[in-house]
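As provided, upload08.cif (mmCIF, C-alpha atoms) reads as follows.
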```
data_coords
loop_
_atom_site.label_atom_id
_atom_site.label_comp_id
_atom_site.auth_asym_id
_atom_site.auth_seq_id
_atom_site.Cartn_x
_atom_site.Cartn_y
_atom_site.Cartn_z
CA MET A 260 17.03 -7.90 -21.48
CA THR A 261 15.87 -4.32 -22.06
CA HIS A 262 12.53 -3.12 -23.28
CA GLN A 263 11.31 -0.19 -25.30
CA PRO A 264 7.98 1.41 -24.39
CA ASP A 265 4.98 -0.34 -25.87
CA PRO A 266 2.08 1.61 -27.36
CA ARG A 267 -0.40 0.29 -24.82
CA PRO A 268 -0.09 -1.45 -21.42
CA THR A 269 -1.01 -5.14 -21.34
CA LEU A 270 -3.04 -6.99 -18.73
CA GLY A 271 -0.16 -9.45 -18.27
CA LEU A 272 2.32 -6.73 -17.35
CA ALA A 273 -0.21 -5.06 -15.05
CA ALA A 274 -0.87 -8.39 -13.31
CA LEU A 275 2.84 -9.07 -12.82
CA LEU A 276 3.53 -5.61 -11.39
CA ALA A 277 0.43 -5.89 -9.19
CA PHE A 278 1.58 -9.25 -7.81
CA LEU A 279 5.00 -7.75 -7.08
CA SER A 280 3.20 -5.10 -5.01
CA MET A 281 1.04 -7.75 -3.30
CA VAL A 282 4.01 -9.38 -1.56
CA SER A 283 3.87 -6.90 1.30
CA PRO A 284 0.14 -7.06 2.19
CA PHE A 285 0.26 -10.85 1.99
CA ALA A 286 3.24 -10.91 4.35
CA LEU A 287 1.46 -8.58 6.75
CA ASP A 288 -2.10 -9.99 6.72
CA THR A 289 -1.97 -13.68 5.83
CA PHE A 290 -0.99 -14.93 9.28
CA PHE A 291 -3.56 -12.87 11.27
CA PRO A 292 -5.82 -15.95 11.76
CA SER A 293 -2.81 -17.77 13.28
CA PHE A 294 -2.26 -15.25 16.08
CA PRO A 295 -3.89 -17.38 18.82
CA ALA A 296 -1.94 -20.49 17.78
CA ILE A 297 1.38 -18.62 17.70
CA ALA A 298 0.65 -17.10 21.11
CA GLN A 299 -0.08 -20.56 22.51
CA GLN A 300 2.99 -22.11 20.89
CA PHE A 301 5.41 -19.60 22.41
CA SER A 302 3.38 -18.62 25.53
CA LEU A 303 3.02 -15.00 24.46
CA SER A 304 1.01 -12.11 25.80
CA ALA A 305 -1.05 -9.94 23.46
CA LEU A 306 1.61 -7.21 23.65
CA GLN A 307 4.38 -9.65 22.75
CA LEU A 308 2.39 -11.02 19.85
CA GLN A 309 1.92 -7.50 18.50
CA GLN A 310 5.70 -7.29 18.09
CA THR A 311 5.45 -9.62 15.08
CA LEU A 312 3.91 -6.63 13.28
CA THR A 313 6.38 -4.09 14.68
CA ALA A 314 9.34 -6.29 13.75
CA TYR A 315 8.01 -6.35 10.18
CA LEU A 316 6.94 -2.73 9.76
CA LEU A 317 10.05 -0.94 11.06
CA PRO A 318 12.54 -2.48 8.60
CA TYR A 319 9.86 -2.34 5.91
CA GLY A 320 9.58 1.42 6.28
CA LEU A 321 13.32 2.06 6.52
CA THR A 322 14.29 -0.07 3.52
CA MET A 323 11.71 1.73 1.40
CA LEU A 324 14.42 4.37 1.07
CA LEU A 325 16.85 1.80 -0.35
CA HIS A 326 14.92 -0.23 -2.93
CA GLY A 327 14.37 2.60 -5.40
CA PRO A 328 17.92 4.03 -5.41
CA LEU A 329 19.34 0.50 -5.68
CA SER A 330 17.18 -0.07 -8.76
CA ASP A 331 18.40 3.26 -10.19
CA ALA A 332 21.99 2.06 -9.74
CA TYR A 333 21.79 -1.66 -10.57
CA GLY A 334 18.64 -2.07 -12.66
CA ARG A 335 14.99 -2.84 -11.88
CA ARG A 336 15.10 -6.60 -12.59
CA ARG A 337 18.08 -7.32 -10.36
CA VAL A 338 16.64 -5.54 -7.32
CA ILE A 339 13.25 -7.21 -7.72
CA LEU A 340 14.66 -10.71 -8.25
CA ILE A 341 17.03 -10.46 -5.27
CA GLY A 342 14.44 -8.82 -3.03
CA VAL A 343 11.62 -11.30 -3.64
CA SER A 344 14.02 -14.26 -3.47
CA LEU A 345 15.26 -13.13 -0.05
CA PHE A 346 11.65 -12.66 1.03
CA ALA A 347 10.91 -16.29 0.12
CA LEU A 348 13.95 -17.47 2.10
CA ALA A 349 12.94 -15.36 5.11
CA SER A 350 9.44 -16.85 4.95
CA LEU A 351 10.94 -20.33 4.95
CA ALA A 352 12.98 -19.42 8.04
CA CYS A 353 9.80 -18.13 9.75
CA ALA A 354 8.10 -21.45 9.07
CA PHE A 355 10.82 -23.32 10.97
CA ALA A 356 11.58 -20.69 13.65
CA PRO A 357 12.53 -22.59 16.83
CA SER A 358 11.67 -19.73 19.18
CA PHE A 359 9.78 -16.46 19.28
CA GLY A 360 13.02 -14.48 19.14
CA TRP A 361 14.03 -16.17 15.90
CA LEU A 362 10.53 -15.60 14.50
CA LEU A 363 10.88 -11.87 15.17
CA ALA A 364 14.30 -11.81 13.52
CA PHE A 365 13.06 -13.56 10.39
CA ARG A 366 9.97 -11.32 10.28
CA ALA A 367 12.36 -8.35 10.23
CA VAL A 368 14.09 -9.83 7.17
CA GLN A 369 10.68 -10.31 5.56
CA GLY A 370 9.91 -6.64 6.15
CA ALA A 371 13.27 -5.50 4.82
CA THR A 372 12.74 -7.32 1.49
CA ALA A 373 8.95 -7.30 0.94
CA GLY A 374 8.80 -3.68 -0.25
CA ALA A 375 11.13 -4.12 -3.23
CA GLY A 376 8.36 -5.19 -5.58
CA MET A 377 6.02 -2.36 -4.60
CA VAL A 378 8.60 0.40 -4.91
CA VAL A 379 10.35 -0.72 -8.08
CA SER A 380 7.14 -1.64 -9.94
CA ARG A 381 6.03 2.00 -9.77
CA ALA A 382 9.31 3.11 -11.33
CA ILE A 383 8.89 0.47 -14.06
CA VAL A 384 5.50 1.93 -15.01
CA ARG A 385 7.02 5.35 -15.56
CA ASP A 386 10.04 3.88 -17.37
CA LEU A 387 7.76 2.26 -19.94
CA TYR A 388 4.85 4.64 -20.35
CA SER A 389 3.87 8.28 -20.08
CA GLY A 390 0.68 10.29 -20.01
CA HIS A 391 -2.63 8.48 -20.28
CA GLU A 392 -1.08 5.04 -20.79
CA ALA A 393 0.93 5.35 -17.56
CA GLN A 394 -2.22 6.38 -15.70
CA ARG A 395 -4.17 3.43 -17.14
CA LEU A 396 -1.47 0.96 -16.14
CA MET A 397 -1.10 2.45 -12.66
CA SER A 398 -4.88 2.32 -12.20
CA LEU A 399 -5.08 -1.29 -13.42
CA MET A 400 -2.26 -2.26 -11.03
CA THR A 401 -4.05 -0.54 -8.16
CA MET A 402 -7.30 -2.30 -9.01
CA LEU A 403 -5.63 -5.73 -9.02
CA PHE A 404 -3.56 -4.90 -5.93
CA GLY A 405 -6.70 -3.90 -4.06
CA PHE A 406 -7.77 -7.51 -3.68
CA ALA A 407 -4.68 -8.48 -1.66
CA PRO A 408 -5.63 -7.06 1.79
CA ALA A 409 -9.07 -8.66 1.51
CA ILE A 410 -8.09 -12.16 0.39
CA ALA A 411 -4.83 -12.56 2.36
CA PRO A 412 -6.48 -13.27 5.76
CA VAL A 413 -9.02 -15.57 4.09
CA ILE A 414 -6.30 -17.68 2.46
CA GLY A 415 -4.30 -17.63 5.68
CA GLY A 416 -7.32 -18.87 7.61
CA TRP A 417 -7.89 -21.78 5.23
CA VAL A 418 -4.22 -22.81 5.32
CA HIS A 419 -4.06 -22.50 9.10
CA VAL A 420 -7.15 -24.61 9.70
CA ALA A 421 -5.91 -27.32 7.32
CA PHE A 422 -2.19 -27.46 8.17
CA GLY A 423 -1.34 -25.17 11.12
CA TRP A 424 0.35 -21.79 11.51
CA ARG A 425 3.76 -22.79 10.14
CA ALA A 426 2.11 -23.78 6.86
CA VAL A 427 0.96 -20.17 6.43
CA PHE A 428 4.61 -19.15 6.06
CA ILE A 429 5.17 -22.06 3.66
CA PHE A 430 2.39 -20.50 1.55
CA LEU A 431 4.37 -17.24 1.57
CA VAL A 432 7.45 -19.20 0.45
CA LEU A 433 5.51 -20.58 -2.52
CA LEU A 434 4.12 -17.12 -3.31
CA GLY A 435 7.58 -15.53 -3.25
CA ALA A 436 9.16 -18.32 -5.30
CA THR A 437 6.39 -18.18 -7.93
CA ILE A 438 6.62 -14.41 -8.29
CA THR A 439 10.42 -14.62 -8.53
CA PHE A 440 10.21 -17.17 -11.33
CA VAL A 441 7.58 -15.25 -13.31
CA ALA A 442 9.54 -11.99 -12.90
CA TRP A 443 12.74 -13.73 -14.10
CA TRP A 444 10.83 -15.15 -17.06
CA ARG A 445 8.68 -12.18 -18.13
CA LEU A 446 9.83 -8.92 -16.51
CA PRO A 447 11.89 -6.71 -18.85
CA GLU A 448 14.77 -4.52 -17.72
CA THR A 449 13.43 -0.99 -18.12
CA HIS A 450 16.40 0.96 -16.73
CA PRO A 451 19.37 0.36 -19.08
CA PRO A 452 23.01 0.66 -17.94
CA GLU A 453 23.59 3.99 -19.68
CA ARG A 454 21.00 5.61 -17.38
CA ARG A 455 22.41 4.23 -14.13
CA PHE A 456 24.84 5.74 -11.64
CA ALA A 457 27.03 4.26 -8.93
CA PHE A 458 25.27 3.60 -5.65
CA GLN A 459 26.71 5.42 -2.64
CA PHE A 460 25.08 5.65 0.77
CA ARG A 461 26.01 9.32 1.08
CA SER A 462 24.40 9.94 -2.28
CA LEU A 463 21.30 8.09 -1.08
CA ILE A 464 20.97 10.44 1.87
CA THR A 465 21.60 13.46 -0.34
CA ILE A 466 19.10 12.41 -3.02
CA SER A 467 16.44 11.41 -0.47
CA TRP A 468 16.80 14.73 1.32
CA ARG A 469 16.71 16.65 -1.95
CA ILE A 470 13.48 14.88 -2.89
CA VAL A 471 11.70 15.13 0.45
CA SER A 472 12.68 18.80 0.87
CA HIS A 473 11.24 19.69 -2.54
CA ARG A 474 8.16 21.72 -1.60
CA GLU A 475 5.91 20.37 -4.33
CA PHE A 476 6.97 16.77 -3.64
CA LEU A 477 6.37 17.03 0.10
CA LEU A 478 2.97 18.64 -0.34
CA LEU A 479 1.84 16.02 -2.86
CA ALA A 480 3.26 13.08 -0.87
CA LEU A 481 1.54 14.25 2.31
CA SER A 482 -1.64 14.96 0.34
CA THR A 483 -1.99 11.45 -1.03
CA ALA A 484 -0.83 9.86 2.26
CA LEU A 485 -3.44 11.72 4.35
CA HIS A 486 -6.12 11.05 1.75
CA PHE A 487 -5.31 7.34 1.86
CA VAL A 488 -5.10 6.89 5.64
CA SER A 489 -8.36 8.81 6.10
CA VAL A 490 -10.01 5.62 4.81
CA VAL A 491 -7.45 3.00 5.85
CA ALA A 492 -8.00 4.10 9.47
CA TYR A 493 -11.21 2.08 9.30
CA ILE A 494 -9.06 -1.05 8.87
CA GLY A 495 -7.07 -0.21 11.99
CA ALA A 496 -10.34 0.19 13.90
CA ALA A 497 -11.95 -2.89 12.30
CA PRO A 498 -12.30 -4.99 15.49
CA ALA A 499 -14.04 -2.15 17.34
CA ILE A 500 -16.30 -1.37 14.37
CA VAL A 501 -17.31 -4.92 13.48
CA LEU A 502 -17.51 -6.51 16.94
CA GLU A 503 -18.46 -3.60 19.20
CA GLN A 504 -20.17 -0.91 17.13
CA TRP A 505 -21.95 -3.13 14.60
CA GLY A 506 -22.42 -6.08 16.95
CA LEU A 507 -21.29 -8.69 14.40
CA THR A 508 -19.20 -11.83 14.85
CA GLU A 509 -15.59 -12.76 14.12
CA THR A 510 -16.57 -14.32 10.81
CA GLN A 511 -18.23 -11.16 9.48
CA PHE A 512 -15.28 -8.82 8.95
CA ALA A 513 -16.11 -8.88 5.23
CA MET A 514 -18.98 -6.53 6.08
CA LEU A 515 -16.35 -3.81 6.51
CA PHE A 516 -13.62 -4.99 4.15
CA VAL A 517 -15.86 -5.54 1.10
CA PRO A 518 -17.01 -1.87 0.86
CA LEU A 519 -13.47 -0.64 1.58
CA ILE A 520 -11.71 -2.82 -0.96
CA GLY A 521 -14.63 -2.50 -3.38
CA GLY A 522 -14.30 1.28 -3.25
CA PHE A 523 -10.56 1.10 -3.91
CA VAL A 524 -11.00 -1.26 -6.87
CA ALA A 525 -13.91 0.69 -8.39
CA GLY A 526 -12.02 3.98 -7.96
CA ALA A 527 -8.91 2.59 -9.64
CA PHE A 528 -11.04 1.27 -12.53
CA THR A 529 -12.73 4.66 -12.91
CA SER A 530 -9.37 6.47 -12.86
CA GLY A 531 -8.16 4.29 -15.71
CA ARG A 532 -11.32 4.89 -17.73
CA MET A 533 -11.09 8.66 -17.19
CA ALA A 534 -7.52 8.81 -18.52
CA GLY A 535 -7.52 10.86 -21.70
CA ARG A 536 -11.15 11.89 -21.25
CA LEU A 537 -10.76 14.20 -18.27
CA SER A 538 -7.74 16.31 -17.41
CA PRO A 539 -5.61 15.07 -14.48
CA HIS A 540 -6.37 18.28 -12.59
CA ALA A 541 -10.13 17.91 -12.99
CA GLN A 542 -9.99 14.21 -12.14
CA THR A 543 -7.99 14.85 -8.96
CA ARG A 544 -10.41 17.53 -7.85
CA LEU A 545 -13.32 15.16 -8.49
CA GLY A 546 -11.71 12.39 -6.42
CA PHE A 547 -11.13 14.64 -3.42
CA LEU A 548 -14.69 15.94 -3.73
CA VAL A 549 -16.14 12.42 -3.73
CA SER A 550 -14.13 11.44 -0.63
CA ALA A 551 -15.11 14.64 1.17
CA ILE A 552 -18.80 14.07 0.37
CA GLY A 553 -18.57 10.51 1.70
CA GLY A 554 -16.93 11.71 4.93
CA LEU A 555 -19.35 14.64 5.33
CA LEU A 556 -22.52 12.57 4.82
CA SER A 557 -21.20 9.88 7.15
CA THR A 558 -20.43 12.48 9.84
CA LEU A 559 -23.85 14.14 9.51
CA ALA A 560 -25.72 10.83 9.53
CA LEU A 561 -23.95 9.56 12.66
CA TRP A 562 -24.37 12.93 14.38
CA LEU A 563 -28.07 13.42 13.59
CA PHE A 564 -29.38 9.86 13.57
CA SER A 565 -28.83 6.93 15.91
CA PRO A 566 -28.43 4.19 15.02
CA VAL A 567 -27.47 4.55 11.35
CA PRO A 568 -28.18 1.33 9.38
CA ILE A 569 -25.02 -0.62 8.59
CA ILE A 570 -25.82 -0.62 4.87
CA VAL A 571 -25.82 3.19 4.86
CA GLN A 572 -22.45 3.29 6.62
CA GLN A 573 -21.08 0.75 4.14
CA VAL A 574 -22.17 2.85 1.17
CA LEU A 575 -20.54 5.98 2.61
CA ILE A 576 -17.30 4.13 3.42
CA PHE A 577 -17.31 2.79 -0.16
CA THR A 578 -17.76 6.36 -1.43
CA ALA A 579 -14.78 7.69 0.53
CA ALA A 580 -12.54 4.82 -0.64
CA TYR A 581 -13.75 5.30 -4.22
CA GLY A 582 -12.58 8.91 -4.21
CA VAL A 583 -9.15 7.98 -2.82
CA GLN A 584 -8.29 5.69 -5.72
CA ILE A 585 -9.50 8.15 -8.35
CA VAL A 586 -6.78 10.48 -7.10
CA SER A 587 -3.93 8.14 -6.15
CA PRO A 588 -2.59 7.10 -9.60
CA ILE A 589 -2.50 10.70 -10.85
CA ILE A 590 -0.55 12.11 -7.90
CA THR A 591 1.86 9.15 -7.94
CA LEU A 592 2.70 9.78 -11.60
CA ARG A 593 3.10 13.49 -10.96
CA LEU A 594 5.56 12.74 -8.15
CA LEU A 595 7.59 10.42 -10.38
CA ASP A 596 7.85 13.13 -13.02
CA LEU A 597 9.45 15.61 -10.61
CA TYR A 598 12.78 13.71 -10.87
CA PRO A 599 12.74 11.69 -14.13
CA ASP A 600 16.34 10.48 -13.70
CA THR A 601 15.80 9.02 -10.20
CA ARG A 602 12.27 7.66 -10.30
CA GLY A 603 13.23 4.72 -8.14
CA ALA A 604 14.37 7.08 -5.39
CA VAL A 605 11.19 9.14 -5.75
CA SER A 606 9.05 6.02 -5.39
CA SER A 607 11.05 5.03 -2.30
CA VAL A 608 10.68 8.38 -0.60
CA GLN A 609 6.97 8.56 -1.40
CA SER A 610 6.46 5.08 0.08
CA PHE A 611 8.47 6.08 3.17
CA VAL A 612 6.32 9.18 3.72
CA SER A 613 3.13 7.14 3.30
CA ILE A 614 4.28 4.46 5.76
CA MET A 615 5.28 7.02 8.39
CA VAL A 616 1.92 8.78 8.11
CA ALA A 617 0.10 5.44 8.26
CA ALA A 618 2.15 4.29 11.27
CA PHE A 619 1.32 7.50 13.16
CA THR A 620 -2.35 7.18 12.23
CA MET A 621 -2.59 3.54 13.31
CA GLY A 622 -0.55 4.00 16.47
CA VAL A 623 -1.85 7.34 17.75
CA VAL A 624 -4.97 8.55 15.91
CA VAL A 625 -6.95 5.31 15.56
CA PRO A 626 -6.70 4.32 19.27
CA ALA A 627 -8.12 7.77 20.12
CA LEU A 628 -11.02 7.52 17.63
CA HIS A 629 -11.91 3.83 17.30
CA GLY A 630 -14.48 3.86 20.13
CA SER A 631 -16.76 6.23 18.20
CA LEU A 632 -18.05 5.81 14.65
CA LEU A 633 -18.78 9.55 14.58
CA LEU A 634 -15.17 10.43 15.39
CA LEU A 635 -13.91 8.00 12.74
CA ALA A 636 -16.19 9.56 10.13
CA LEU A 637 -15.08 13.04 11.18
CA GLY A 638 -11.45 11.92 10.94
CA SER A 639 -12.07 10.61 7.44
CA LEU A 640 -13.60 13.95 6.44
CA VAL A 641 -10.69 15.92 7.92
CA GLY A 642 -8.13 13.69 6.17
CA ALA A 643 -9.80 14.22 2.80
CA LEU A 644 -10.07 18.00 3.28
CA VAL A 645 -6.48 18.42 4.49
CA GLY A 646 -5.23 16.24 1.62
CA TRP A 647 -7.24 18.36 -0.81
CA SER A 648 -5.80 21.58 0.66
CA LEU A 649 -2.23 20.29 0.38
CA TRP A 650 -2.81 19.33 -3.26
CA ARG A 651 -4.07 22.86 -4.00
CA MET A 652 -1.00 24.28 -2.26
CA ALA A 653 1.22 22.04 -4.41
CA ASP A 654 -0.35 23.48 -7.54
CA ALA A 655 0.89 26.87 -6.40
CA ALA A 656 4.40 25.54 -5.64
CA PRO A 657 7.11 26.92 -7.92
CA ALA A 658 8.39 24.39 -10.47
CA ARG A 659 12.03 23.33 -10.03
#
```

Using the file provided, produce a representation of the structure as structure tokens.
Amino acid sequence: MTHQPDPRPTLGLAALLAFLSMVSPFALDTFFPSFPAIAQQFSLSALQLQQTLTAYLLPYGLTMLLHGPLSDAYGRRRVILIGVSLFALASLACAFAPSFGWLLAFRAVQGATAGAGMVVSRAIVRDLYSGHEAQRLMSLMTMLFGFAPAIAPVIGGWVHVAFGWRAVFIFLVLLGATITFVAWWRLPETHPPERRFAFQFRSLITISWRIVSHREFLLLALSTALHFVSVVAYIGAAPAIVLEQWGLTETQFAMLFVPLIGGFVAGAFTSGRMAGRLSPHAQTRLGFLVSAIGGLLSTLALWLFSPVPIIVQQVLIFTAAYGVQIVSPIITLRLLDLYPDTRGAVSSVQSFVSIMVAAFTMGVVVPALHGSLLLLALGSLVGALVGWSLWRMADAAPAR
């Protein structure tokens, strides 16, 4: 079935698209509480256990380049239904993995399929809506999506305590199957056959390179990626912050995650409310300014005063995250509009750039900064300022 643009986005559509995007964070975070049990089951070292994340993230990042172009060639519904269905099957295989090697292999399949919903849902938004309505829907999706990283480990912990680590993957099976059914039942096809083109791998490489080498695209993609990881770096450093710097216990990680996720959700809500009332340019500038102020005040406080009360640090982290999500929906829509005929490919390449920046940040930058709250705050400030500068450079980029 095809669908013509509606005059106003609905909460039901936003919820469905948000849940399609939630598949990935649930797959990544839900089984964190089961790490000790998995290590004991297969007699793993900490380094070996970490490979369950690497095995997921590498194919996840690489297939980001495929999901969008496949949806441009074969339709949005088909790619989503196949992708999420395969994710559910891979989760089932993880639940019954007889060895650690098989678990890694099935985690790789999870990673290769989990990103379909996130990538294609962005293209669906731009297929259906434009202008303020697209921004409102993207902001509402972001606000709903923001809860996933916070609640996934909580749900995983409950399931693990009640039924064991394999049941956590059974939960992911049920999640994938439910989302597949609802998408089959309610998701319209927004990319009709007359707008499609034959999929060819050589064309994929050509299109991806054409997109990523577009000066305005690259500047904007790097801008939003750096802006985002300037706050997400706190998640990578969470154990050091919560346990070492703040002196809290293993059950108090919400002290960090609540202000982070709360800032993302509040910023997405504000972005949606600003749509049509403030120009996208002014709103983007405001978001970067808010993030920079949060990073600057946090840096000054940690430099001049010791110790800084946790509540003050929480408020400043919330402020930085709030600014990020004021900006994110606007830049994403602007990126999608650079190539209206291949929005799926644009969404894929943007996601790929974001994942590569995040992987570098988590693997190289965070280990160098996580021992110092001051350095983390300074890194957050630098990320916001560099992202802001790249956005300003993109405004000066020649249109093509």

Which one of A:Leu396, A:Val583, A:Val488, A:Val384 sits closest to Thr449 (chain A) if you count only C-alpha atoms? A:Val384

Using the chain letters and numbers from the file, give me the residues hit by the PyMOL selection byres ((chain A and resi 621-635) around 10), as a ChimeraX atom specification. /A:488-500,503-505,554,557-562,572,615-620,636-641

Could you please take those selected residues and save C-alpha atoms as a compact mmCIF listing (two decimals), in the frame of the given file?
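Written out: selection.txt:
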```
# COMPACT_ATOMS: atom_id res chain seq x y z
CA VAL A 488 -5.10 6.89 5.64
CA SER A 489 -8.36 8.81 6.10
CA VAL A 490 -10.01 5.62 4.81
CA VAL A 491 -7.45 3.00 5.85
CA ALA A 492 -8.00 4.10 9.47
CA TYR A 493 -11.21 2.08 9.30
CA ILE A 494 -9.06 -1.05 8.87
CA GLY A 495 -7.07 -0.21 11.99
CA ALA A 496 -10.34 0.19 13.90
CA ALA A 497 -11.95 -2.89 12.30
CA PRO A 498 -12.30 -4.99 15.49
CA ALA A 499 -14.04 -2.15 17.34
CA ILE A 500 -16.30 -1.37 14.37
CA GLU A 503 -18.46 -3.60 19.20
CA GLN A 504 -20.17 -0.91 17.13
CA TRP A 505 -21.95 -3.13 14.60
CA GLY A 554 -16.93 11.71 4.93
CA SER A 557 -21.20 9.88 7.15
CA THR A 558 -20.43 12.48 9.84
CA LEU A 559 -23.85 14.14 9.51
CA ALA A 560 -25.72 10.83 9.53
CA LEU A 561 -23.95 9.56 12.66
CA TRP A 562 -24.37 12.93 14.38
CA GLN A 572 -22.45 3.29 6.62
CA MET A 615 5.28 7.02 8.39
CA VAL A 616 1.92 8.78 8.11
CA ALA A 617 0.10 5.44 8.26
CA ALA A 618 2.15 4.29 11.27
CA PHE A 619 1.32 7.50 13.16
CA THR A 620 -2.35 7.18 12.23
CA ALA A 636 -16.19 9.56 10.13
CA LEU A 637 -15.08 13.04 11.18
CA GLY A 638 -11.45 11.92 10.94
CA SER A 639 -12.07 10.61 7.44
CA LEU A 640 -13.60 13.95 6.44
CA VAL A 641 -10.69 15.92 7.92
```

Asp386 (chain A): which residues within 12 Å, counting only C-alpha atoms, same-chain residues fewer than 5 positions away excluded, as an mmCIF file with C-alpha atoms, keeping the file's coordinate frame?
```
data_model
loop_
_atom_site.group_PDB
_atom_site.id
_atom_site.type_symbol
_atom_site.label_atom_id
_atom_site.label_comp_id
_atom_site.auth_asym_id
_atom_site.auth_seq_id
_atom_site.Cartn_x
_atom_site.Cartn_y
_atom_site.Cartn_z
ATOM 1 C CA THR A 261 15.870 -4.320 -22.060
ATOM 2 C CA HIS A 262 12.530 -3.120 -23.280
ATOM 3 C CA GLN A 263 11.310 -0.190 -25.300
ATOM 4 C CA PRO A 264 7.980 1.410 -24.390
ATOM 5 C CA ASP A 265 4.980 -0.340 -25.870
ATOM 6 C CA SER A 330 17.180 -0.070 -8.760
ATOM 7 C CA ASP A 331 18.400 3.260 -10.190
ATOM 8 C CA GLY A 334 18.640 -2.070 -12.660
ATOM 9 C CA ARG A 335 14.990 -2.840 -11.880
ATOM 10 C CA VAL A 379 10.350 -0.720 -8.080
ATOM 11 C CA SER A 380 7.140 -1.640 -9.940
ATOM 12 C CA ARG A 381 6.030 2.000 -9.770
ATOM 13 C CA GLU A 392 -1.080 5.040 -20.790
ATOM 14 C CA ALA A 393 0.930 5.350 -17.560
ATOM 15 C CA LEU A 396 -1.470 0.960 -16.140
ATOM 16 C CA PRO A 447 11.890 -6.710 -18.850
ATOM 17 C CA GLU A 448 14.770 -4.520 -17.720
ATOM 18 C CA THR A 449 13.430 -0.990 -18.120
ATOM 19 C CA HIS A 450 16.400 0.960 -16.730
ATOM 20 C CA PRO A 451 19.370 0.360 -19.080
ATOM 21 C CA ARG A 454 21.000 5.610 -17.380
ATOM 22 C CA LEU A 592 2.700 9.780 -11.600
ATOM 23 C CA LEU A 595 7.590 10.420 -10.380
ATOM 24 C CA ASP A 596 7.850 13.130 -13.020
ATOM 25 C CA PRO A 599 12.740 11.690 -14.130
ATOM 26 C CA ASP A 600 16.340 10.480 -13.700
ATOM 27 C CA THR A 601 15.800 9.020 -10.200
ATOM 28 C CA ARG A 602 12.270 7.660 -10.300
ATOM 29 C CA GLY A 603 13.230 4.720 -8.140
#
```

Selection result for the PyMOL selection byres ((chain A and resi 520) around 12) on this file, as a PyMOL selection string: chain A and resi 401-410+490-491+493-494+513-519+521-527+573+576-581+583-584

Please evaluate the PyMOL selection byres ((chain A and resi 469-474) around 8) against the displayed coordinates and give the resulting residues as a ChimeraX atom specification. /A:465-468,475-478,605,608,653,656

With C-alpha atoms kept, could you save the residues just selected as a compact mmCIF listing (two decimals), keeping the file's coordinate frame?
```txt
# COMPACT_ATOMS: atom_id res chain seq x y z
CA THR A 465 21.60 13.46 -0.34
CA ILE A 466 19.10 12.41 -3.02
CA SER A 467 16.44 11.41 -0.47
CA TRP A 468 16.80 14.73 1.32
CA GLU A 475 5.91 20.37 -4.33
CA PHE A 476 6.97 16.77 -3.64
CA LEU A 477 6.37 17.03 0.10
CA LEU A 478 2.97 18.64 -0.34
CA VAL A 605 11.19 9.14 -5.75
CA VAL A 608 10.68 8.38 -0.60
CA ALA A 653 1.22 22.04 -4.41
CA ALA A 656 4.40 25.54 -5.64
```

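For the pair CA of Ala375 (chain A) and CA of Val427 (chain A), the separation is 21.3 Å.
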
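The list of residues with at least one atom within 8 Å of Leu324 (chain A), based on all atoms listed in the file and without residues fewer than 3 positions apart in the same chain, reads Gly320, Leu321, Gly327, Pro328, Ser467, Ala604, Ser607, Val608 and Phe611 of chain A.
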
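Computed from the coordinates, the CA of Arg461 (chain A) to CA of Gly376 (chain A) distance equals 23.8 Å.
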
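Coordinates place CA of Gly535 (chain A) at a distance of 24.6 Å from CA of Leu649 (chain A).
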
Any chance you could work out the axis-aligned box around region 350-366 of chain A, listed atoms only, 8 Å on each side, giving centre and edge lengths in Å to one decimal, as JSON?
```
{"center_x": 11.2, "center_y": -17.3, "center_z": 12.1, "size_x": 22.2, "size_y": 28.0, "size_z": 30.3}
```

Between A:Gly416, A:Pro588, A:Gly370, A:Gly531, which has the minimum distance to Pro295 (chain A) (counting only C-alpha atoms)? A:Gly416

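Nearest-residue note for Gln369 (chain A): choosing from A:Leu485, A:Leu316, A:Leu325, A:Val549, the minimum distance belongs to A:Leu316, counting all atoms listed in the file.
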